[in-house]
Amino acid sequence: MLRRALIIVLVALQLHYSMSAAAAAEPAANLGRGASVATKQTNDDDAETIAVAEVFEQLTEEEKEDAAKSSSYRYLKTARCSKDKRDELAKAMIMRYVHTEHVLGSKQSLWADRALSKIRSTIEYRSAMQVDDIRTCFDRDKKDSDTHRSIRAMLEGRYESKGSVIRGYGKKGQALFLNYPRCETKWDEESFV
């Protein structure tokens with residue numbers, strides 16, 4: 001059921017982007033109205049940029065740091081990075097949430113508040129679930145850490161059962177994670193979550 005809903009959302013987003021691109025290429029004269037689609041697109045982009053700035057100003061320095069780490073593995077791994085780079089990556093994360101609110105049809109006045117709420121929930125979830133530790137548990141410099149060792153053991157056990165595999169790469173070069181629940185031979189709730 002969840003898989004079907006996810007597929008529907010992905011198809012809707014693809015249709016939205018393809019329709020937006022086609023509408024932007026179509027001249028205003030063919031639309032039968034005075035305003036061009038390009039002007040509307042520019043206004044929407046400006047509104048999103050304003051909402052991003054509003055959300056960015058409300059985040060604490062620690063939240064900006066966490067947002068940047070969640071946006072970039074390279075930033076997560078870099079010991080020192082400029083504040084400008086951190087802010088750029090944090091704003092990229094904020095833009096994803098604001099754009100999602102826009103695509104979902106939320107009122108423009110609510111974009112910033114909803115995006116801020118979702119970003120804070122995401123940061124809290126990532127902290128509770130140790131997402132950054134999961135991302136770095138196989139790094140060479142993390143071999144001796146007890147936390148990383150236990151995460152590695154859980155992941156290796158999951159891959160040994162062939163219930164989950166990493167197979168190939170997507171269009172953006174990201175590894176494809178495939179999960180086969182029917183192949184699970186044992187159930188460990190902690191490592192599953």
# chains A, B, ... in the order shown; residues from 1 in each chain; ligands from 1
$ residues_around --residues "region 67-72 of chain A" --least-positions-apart "3" --cutoff "8 Å" --atoms "only C-alpha atoms" --output "list in words"
Glu63, Lys64, Tyr75, Leu76, Arg86, Asp87, Glu88, Leu89, Ala90, Ala92, Met93, Ile119, Ile123 and Asp132 of chain A
$ select_by_dssp --residues "region 60-176 of chain A" --states "alpha helix (DSSP H)" --output "JSON, numbers by chain"
{"A": [61, 62, 63, 64, 65, 66, 67, 68, 69, 70, 71, 73, 74, 75, 76, 77, 83, 84, 85, 86, 87, 88, 89, 90, 91, 92, 93, 94, 95, 96, 97, 98, 99, 100, 101, 102, 103, 111, 112, 113, 114, 115, 116, 117, 118, 119, 120, 121, 122, 123, 124, 125, 126, 127, 128, 131, 132, 133, 134, 135, 136, 146, 147, 148, 149, 150, 151, 152, 153, 154, 155, 156, 157, 158, 159, 160]}
$ closest_residue --among "A:His99, A:Arg152, A:Arg182, A:Glu160" --to "Asp139 (chain A)" --atoms "only C-alpha atoms"
A:Arg152
$ atom_distance --atom1 "CA of Lys143 (chain A)" --atom2 "CA of Gly157 (chain A)"
16.9 Å
$ atom_distance --atom1 "CA of Lys162 (chain A)" --atom2 "CA of Cys137 (chain A)"
19.9 Å
$ atom_distance --atom1 "CA of Cys183 (chain A)" --atom2 "CA of Val131 (chain A)"
24.7 Å
$ closest_atom_pairs --of "region 87-148 of chain A" --to "region 52-58 of chain A" --cutoff "7 Å" --atoms "only C-alpha atoms" --output "JSON lines"
{"residue": "A:Lys91", "atom": "CA", "partner": "A:Val52", "partner_atom": "CA", "distance": 6.6}
{"residue": "A:Ile94", "atom": "CA", "partner": "A:Val52", "partner_atom": "CA", "distance": 5.9}
{"residue": "A:Met95", "atom": "CA", "partner": "A:Val52", "partner_atom": "CA", "distance": 5.9}
{"residue": "A:Val98", "atom": "CA", "partner": "A:Val52", "partner_atom": "CA", "distance": 6.8}
{"residue": "A:Ala112", "atom": "CA", "partner": "A:Val55", "partner_atom": "CA", "distance": 5.7}
{"residue": "A:Leu116", "atom": "CA", "partner": "A:Val55", "partner_atom": "CA", "distance": 5.8}
